[in-house]
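Here's the structure, in structure tokens; my notes come after.
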Amino acid sequence: MTRIYMVLNQYVTIMISNSNHKHTVSGDDPLQSRLLSFFQANIEEPIKKISLIRDQIFKIETHQKKYAGKGFSNADSLKKQKWLTKRLHKAGFNKTYHFLKTKPEKGYLYKGKYYGILTWIEHSNPVFRFNSNENCQAGVLLLKEFHDHTKKVLSKGDSYFGSIDYYQKWVERYRQFKSNVPALQSFVPSGIIEDILKWGEKSLKNIEYRSPYEKEERVILHGDVAHHNFIRSEKGLYLIDFDLSSIGHPIHDYLQYANRILPFLQWDVNELIKLPGYSQLLEDPYFIYAILYPTDIYREWNRAIKHGLLGQEKTVKNLLNVTIDQYEKRLKFFNSLQNMVI
């Protein structure tokens, strides 16, 4: 779908590539027109094209440059990310985007989201995935670099970020999964369900009174180290999207990163040890017991059941892959880790 808008006396092509997008563009949408005017008023060059590439994310193109228009859940969320990226660049971390100064500073409110304008980072091919040892290593090195710089950011004070009680979060996720077991029983053998519950129980029991070692300063955690938040460009690897950032110990980002890459590593603890920093982490009982916790299984089943997705073939296929197809490898991984803390 393509529409032509006149914005500040400039004709702008608006392209919607997928009719399934929640946002729609129509010639009589005054809100849409004002959003485009907000973009144009804060970008020096005339805009020639705007593409809705994902829900709440626009690609904005001029003749010389590209930008992203992104919607945030509230004005504070936008303010926090502006604060963080500005201070990261000031501290010397340039491997992320920066925000354009805009009027109004709090962003433009459109359909319940506050929009800001970011510099565009172009993907190079192939797109970054956790599908090679080289990529897994590059990702963890960038994450460490990010943490090193956020220590500097926090040392200046006045952070907008709070902290997360990970133990309580994991307890709630486990309880929700346990309450969802009746819905799982049509898909997953009872023996596997019992083991998955035992993994969580073992983990929670052993980390309840432990905390990550305190010899490192607190950092700003990224909070969502999925592959799509790493962008490989011609200039190197970039880290984006700090929506779930919080203050805490870096071990929690490394835990999440390990959970993201372990399927590629075939749940082999020896492969995990080869990555920078993980041999030291695997000497820490907190890390070992925390990584026993099957967070991805609990999260994905809880989400699917909450949103009524168990009737969707693709969703169920993905759930069964994580739960059943990977079960034997995860069981071996679980046993290997238990042997490390006996």
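Ordered as shown in the structure tokens, chains take letters A, B, and onward, while each chain numbers its residues from 1 and ligands are numbered from 1 in the order shown.
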
Please provide the set of residues having any atom within 12 Å of Glu217 in chain A, restricted to only C-alpha atoms, with same-chain residues fewer than 6 positions apart removed, written as a VMD selection string.
chain A and resid 147 to 155 247 to 251

Run DSSP on the backbone and grab whatever in range 181-272 of chain A lands in helix (DSSP H, G or I); send it over as an MDAnalysis selection string.
chainID A and resid 181:184 190:207 227:229 251:261 269:272

Using only C-alpha atoms, which protein or nucleic acid residues come within 10 Å of Lys101 in chain A? Drop anything in the same chain fewer than 4 positions from it, and give the result as a ChimeraX atom specification.
/A:42-43,82,105-107,116-118

Sort by chain and increasing residue number a table of all residues of range 227-259 of chain A within 10 Å of range 283-307 of chain A, each with its closest pair of atoms and their distance in Å to one decimal, counting only C-alpha atoms, and write it as JSON lines.
```
{"residue": "A:Ile251", "atom": "CA", "partner": "A:Phe287", "partner_atom": "CA", "distance": 7.3}
{"residue": "A:His252", "atom": "CA", "partner": "A:Phe287", "partner_atom": "CA", "distance": 8.6}
{"residue": "A:Tyr254", "atom": "CA", "partner": "A:Phe287", "partner_atom": "CA", "distance": 9.1}
{"residue": "A:Leu255", "atom": "CA", "partner": "A:Ile291", "partner_atom": "CA", "distance": 6.3}
{"residue": "A:Gln256", "atom": "CA", "partner": "A:Ile291", "partner_atom": "CA", "distance": 8.6}
{"residue": "A:Ala258", "atom": "CA", "partner": "A:Ile291", "partner_atom": "CA", "distance": 8.0}
{"residue": "A:Asn259", "atom": "CA", "partner": "A:Asp296", "partner_atom": "CA", "distance": 7.4}
```

Output N, CA, C and O atoms for every residue in that selection, as a PDB file, in the first residue's frame.
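What follows is the written file selection_32.pdb:
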```
ATOM      1  N   ILE A 251      25.953 -10.134  35.663  1.00  0.00           N
ATOM      2  CA  ILE A 251      25.707 -11.576  35.553  1.00  0.00           C
ATOM      3  C   ILE A 251      24.337 -11.868  34.948  1.00  0.00           C
ATOM      4  O   ILE A 251      24.144 -12.867  34.253  1.00  0.00           O
ATOM      5  N   HIS A 252      23.368 -10.961  35.171  1.00  0.00           N
ATOM      6  CA  HIS A 252      22.010 -11.234  34.692  1.00  0.00           C
ATOM      7  C   HIS A 252      21.888 -11.076  33.176  1.00  0.00           C
ATOM      8  O   HIS A 252      21.119 -11.798  32.538  1.00  0.00           O
ATOM      9  N   TYR A 254      24.457 -11.765  31.224  1.00  0.00           N
ATOM     10  CA  TYR A 254      25.187 -12.930  30.730  1.00  0.00           C
ATOM     11  C   TYR A 254      24.370 -14.217  30.870  1.00  0.00           C
ATOM     12  O   TYR A 254      24.487 -15.120  30.045  1.00  0.00           O
ATOM     13  N   LEU A 255      23.547 -14.280  31.892  1.00  0.00           N
ATOM     14  CA  LEU A 255      22.620 -15.413  32.025  1.00  0.00           C
ATOM     15  C   LEU A 255      21.652 -15.440  30.851  1.00  0.00           C
ATOM     16  O   LEU A 255      21.429 -16.481  30.232  1.00  0.00           O
ATOM     17  N   GLN A 256      21.060 -14.286  30.578  1.00  0.00           N
ATOM     18  CA  GLN A 256      20.093 -14.230  29.480  1.00  0.00           C
ATOM     19  C   GLN A 256      20.766 -14.514  28.145  1.00  0.00           C
ATOM     20  O   GLN A 256      20.216 -15.225  27.301  1.00  0.00           O
ATOM     21  N   ALA A 258      23.418 -16.362  27.632  1.00  0.00           N
ATOM     22  CA  ALA A 258      23.691 -17.805  27.574  1.00  0.00           C
ATOM     23  C   ALA A 258      22.445 -18.577  27.165  1.00  0.00           C
ATOM     24  O   ALA A 258      22.499 -19.486  26.327  1.00  0.00           O
ATOM     25  N   ASN A 259      21.310 -18.212  27.738  1.00  0.00           N
ATOM     26  CA  ASN A 259      20.064 -18.897  27.376  1.00  0.00           C
ATOM     27  C   ASN A 259      19.700 -18.691  25.914  1.00  0.00           C
ATOM     28  O   ASN A 259      19.092 -19.567  25.290  1.00  0.00           O
TER      29      ASN A 259
END
```

Find, counting only C-alpha atoms, the residue in A:Asn335, A:His228, A:Trp170, A:Leu84 that gets nearest to Glu201 in chain A.
A:Trp170

So which residues of range 67-240 of chain A fall under strand (DSSP E) by DSSP, listed as number ranges by chain?
A: 67-72, 108-110, 113-119, 219-221, 230-233, 236-239

Those residues you just picked out, can you put them in a file as a compact mmCIF listing (two decimals), in the first residue's frame with N, CA, C and O atoms?
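Contents of selection-v4.txt, freshly written:
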```
# COMPACT_ATOMS: atom_id res chain seq x y z
N TYR A 67 16.67 7.79 8.94
CA TYR A 67 16.39 7.89 10.37
C TYR A 67 15.33 6.84 10.73
O TYR A 67 14.70 6.25 9.85
N ALA A 68 15.16 6.64 12.03
CA ALA A 68 14.07 5.79 12.50
C ALA A 68 13.15 6.62 13.37
O ALA A 68 13.61 7.38 14.23
N GLY A 69 11.86 6.50 13.14
CA GLY A 69 10.87 7.08 14.04
C GLY A 69 10.30 5.95 14.88
O GLY A 69 9.72 5.02 14.34
N LYS A 70 10.52 5.99 16.19
CA LYS A 70 10.12 4.87 17.04
C LYS A 70 9.17 5.34 18.12
O LYS A 70 9.37 6.38 18.74
N GLY A 71 8.12 4.52 18.37
CA GLY A 71 7.16 4.81 19.41
C GLY A 71 7.53 4.15 20.72
O GLY A 71 7.95 2.99 20.74
N PHE A 72 7.39 4.87 21.83
CA PHE A 72 7.68 4.36 23.16
C PHE A 72 6.41 4.36 23.99
O PHE A 72 5.51 5.16 23.77
N TYR A 108 6.41 13.04 20.21
CA TYR A 108 5.07 13.31 19.68
C TYR A 108 4.16 12.15 20.05
O TYR A 108 4.48 10.98 19.79
N LEU A 109 3.02 12.44 20.68
CA LEU A 109 2.07 11.41 21.10
C LEU A 109 1.18 11.02 19.93
O LEU A 109 0.44 11.84 19.39
N TYR A 110 1.26 9.74 19.54
CA TYR A 110 0.48 9.23 18.42
C TYR A 110 -0.02 7.84 18.76
O TYR A 110 0.76 6.93 19.03
N LYS A 113 1.44 6.23 21.86
CA LYS A 113 2.89 6.07 21.93
C LYS A 113 3.58 7.41 21.73
O LYS A 113 3.12 8.25 20.96
N TYR A 114 4.69 7.58 22.44
CA TYR A 114 5.49 8.80 22.29
C TYR A 114 6.63 8.52 21.31
O TYR A 114 7.44 7.62 21.54
N TYR A 115 6.67 9.29 20.23
CA TYR A 115 7.63 9.05 19.17
C TYR A 115 8.86 9.94 19.30
O TYR A 115 8.76 11.14 19.57
N GLY A 116 10.03 9.30 19.13
CA GLY A 116 11.29 10.01 19.02
C GLY A 116 11.92 9.68 17.67
O GLY A 116 11.45 8.79 16.95
N ILE A 117 12.99 10.39 17.34
CA ILE A 117 13.68 10.17 16.06
C ILE A 117 15.12 9.75 16.35
O ILE A 117 15.84 10.42 17.10
N LEU A 118 15.53 8.63 15.77
CA LEU A 118 16.84 8.07 16.02
C LEU A 118 17.64 8.01 14.72
O LEU A 118 17.07 7.95 13.63
N THR A 119 18.96 8.00 14.86
CA THR A 119 19.80 7.74 13.69
C THR A 119 19.57 6.30 13.24
O THR A 119 19.32 5.41 14.04
N VAL A 219 25.97 -2.17 36.95
CA VAL A 219 25.95 -1.63 35.59
C VAL A 219 24.51 -1.38 35.19
O VAL A 219 23.57 -1.74 35.91
N ILE A 220 24.33 -0.79 34.02
CA ILE A 220 22.99 -0.77 33.42
C ILE A 220 22.89 -2.02 32.56
O ILE A 220 23.70 -2.23 31.66
N LEU A 221 21.94 -2.86 32.88
CA LEU A 221 21.71 -4.09 32.13
C LEU A 221 20.91 -3.77 30.88
O LEU A 221 19.99 -2.93 30.91
N PHE A 230 21.08 -6.90 18.17
CA PHE A 230 22.43 -6.69 17.69
C PHE A 230 22.34 -6.46 16.18
O PHE A 230 21.68 -7.23 15.49
N ILE A 231 22.96 -5.40 15.71
CA ILE A 231 22.94 -5.12 14.27
C ILE A 231 24.37 -5.12 13.75
O ILE A 231 25.22 -4.37 14.25
N ARG A 232 24.62 -5.95 12.75
CA ARG A 232 25.91 -5.92 12.08
C ARG A 232 25.80 -4.93 10.93
O ARG A 232 24.97 -5.09 10.03
N SER A 233 26.64 -3.91 10.97
CA SER A 233 26.68 -2.94 9.88
C SER A 233 28.07 -2.96 9.27
O SER A 233 28.96 -3.67 9.73
N GLY A 236 30.68 -2.27 11.85
CA GLY A 236 30.86 -3.15 13.00
C GLY A 236 29.53 -3.56 13.61
O GLY A 236 28.46 -3.39 13.01
N LEU A 237 29.60 -4.10 14.83
CA LEU A 237 28.41 -4.61 15.52
C LEU A 237 27.86 -3.54 16.45
O LEU A 237 28.63 -2.90 17.19
N TYR A 238 26.55 -3.35 16.41
CA TYR A 238 25.88 -2.34 17.23
C TYR A 238 24.86 -3.01 18.15
O TYR A 238 24.32 -4.07 17.84
N LEU A 239 24.60 -2.34 19.28
CA LEU A 239 23.61 -2.80 20.25
C LEU A 239 22.48 -1.78 20.29
O LEU A 239 22.73 -0.57 20.40
```

Considering only C-alpha atoms, state which residue in the set A:Gly162, A:Pro126, A:Gly223, A:Gly308 is at the smallest distance from Ser245 in chain A.
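Smallest distance to Ser245 in chain A is found for A:Gly223.
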
Using only C-alpha atoms, pick whichever of A:Asp76, A:Leu265, A:Phe146, A:Tyr166 has the shortest atom-to-atom distance to Arg210 in chain A.
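Among the listed residues, the smallest separation from Arg210 in chain A belongs to A:Tyr166.
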
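Look at Val181 in chain A: the protein and nucleic acid residues within 10 Å of it, using only C-alpha atoms and passing over chain neighbours fewer than 3 places away, are Gln176, Phe177, Lys178, Leu184, Gln185, Ser186, Val188, Ser190, Ile193, Glu194, Leu197, Trp301 and Asn302 of chain A.
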
Between A:Glu271, A:Glu172, A:Asp253, A:Asp241, single out the one closest to Ser132 in chain A, counting only C-alpha atoms.
A:Glu271

Can you work out the spacing between CA of Lys156 in chain A and CA of Lys86 in chain A in Å, to one decimal?
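Computed distance, CA of Lys156 in chain A to CA of Lys86 in chain A, equals 12.9 Å.
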
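Computed from the coordinates, the CA of Lys111 in chain A to CA of Ile50 in chain A distance equals 17.6 Å.
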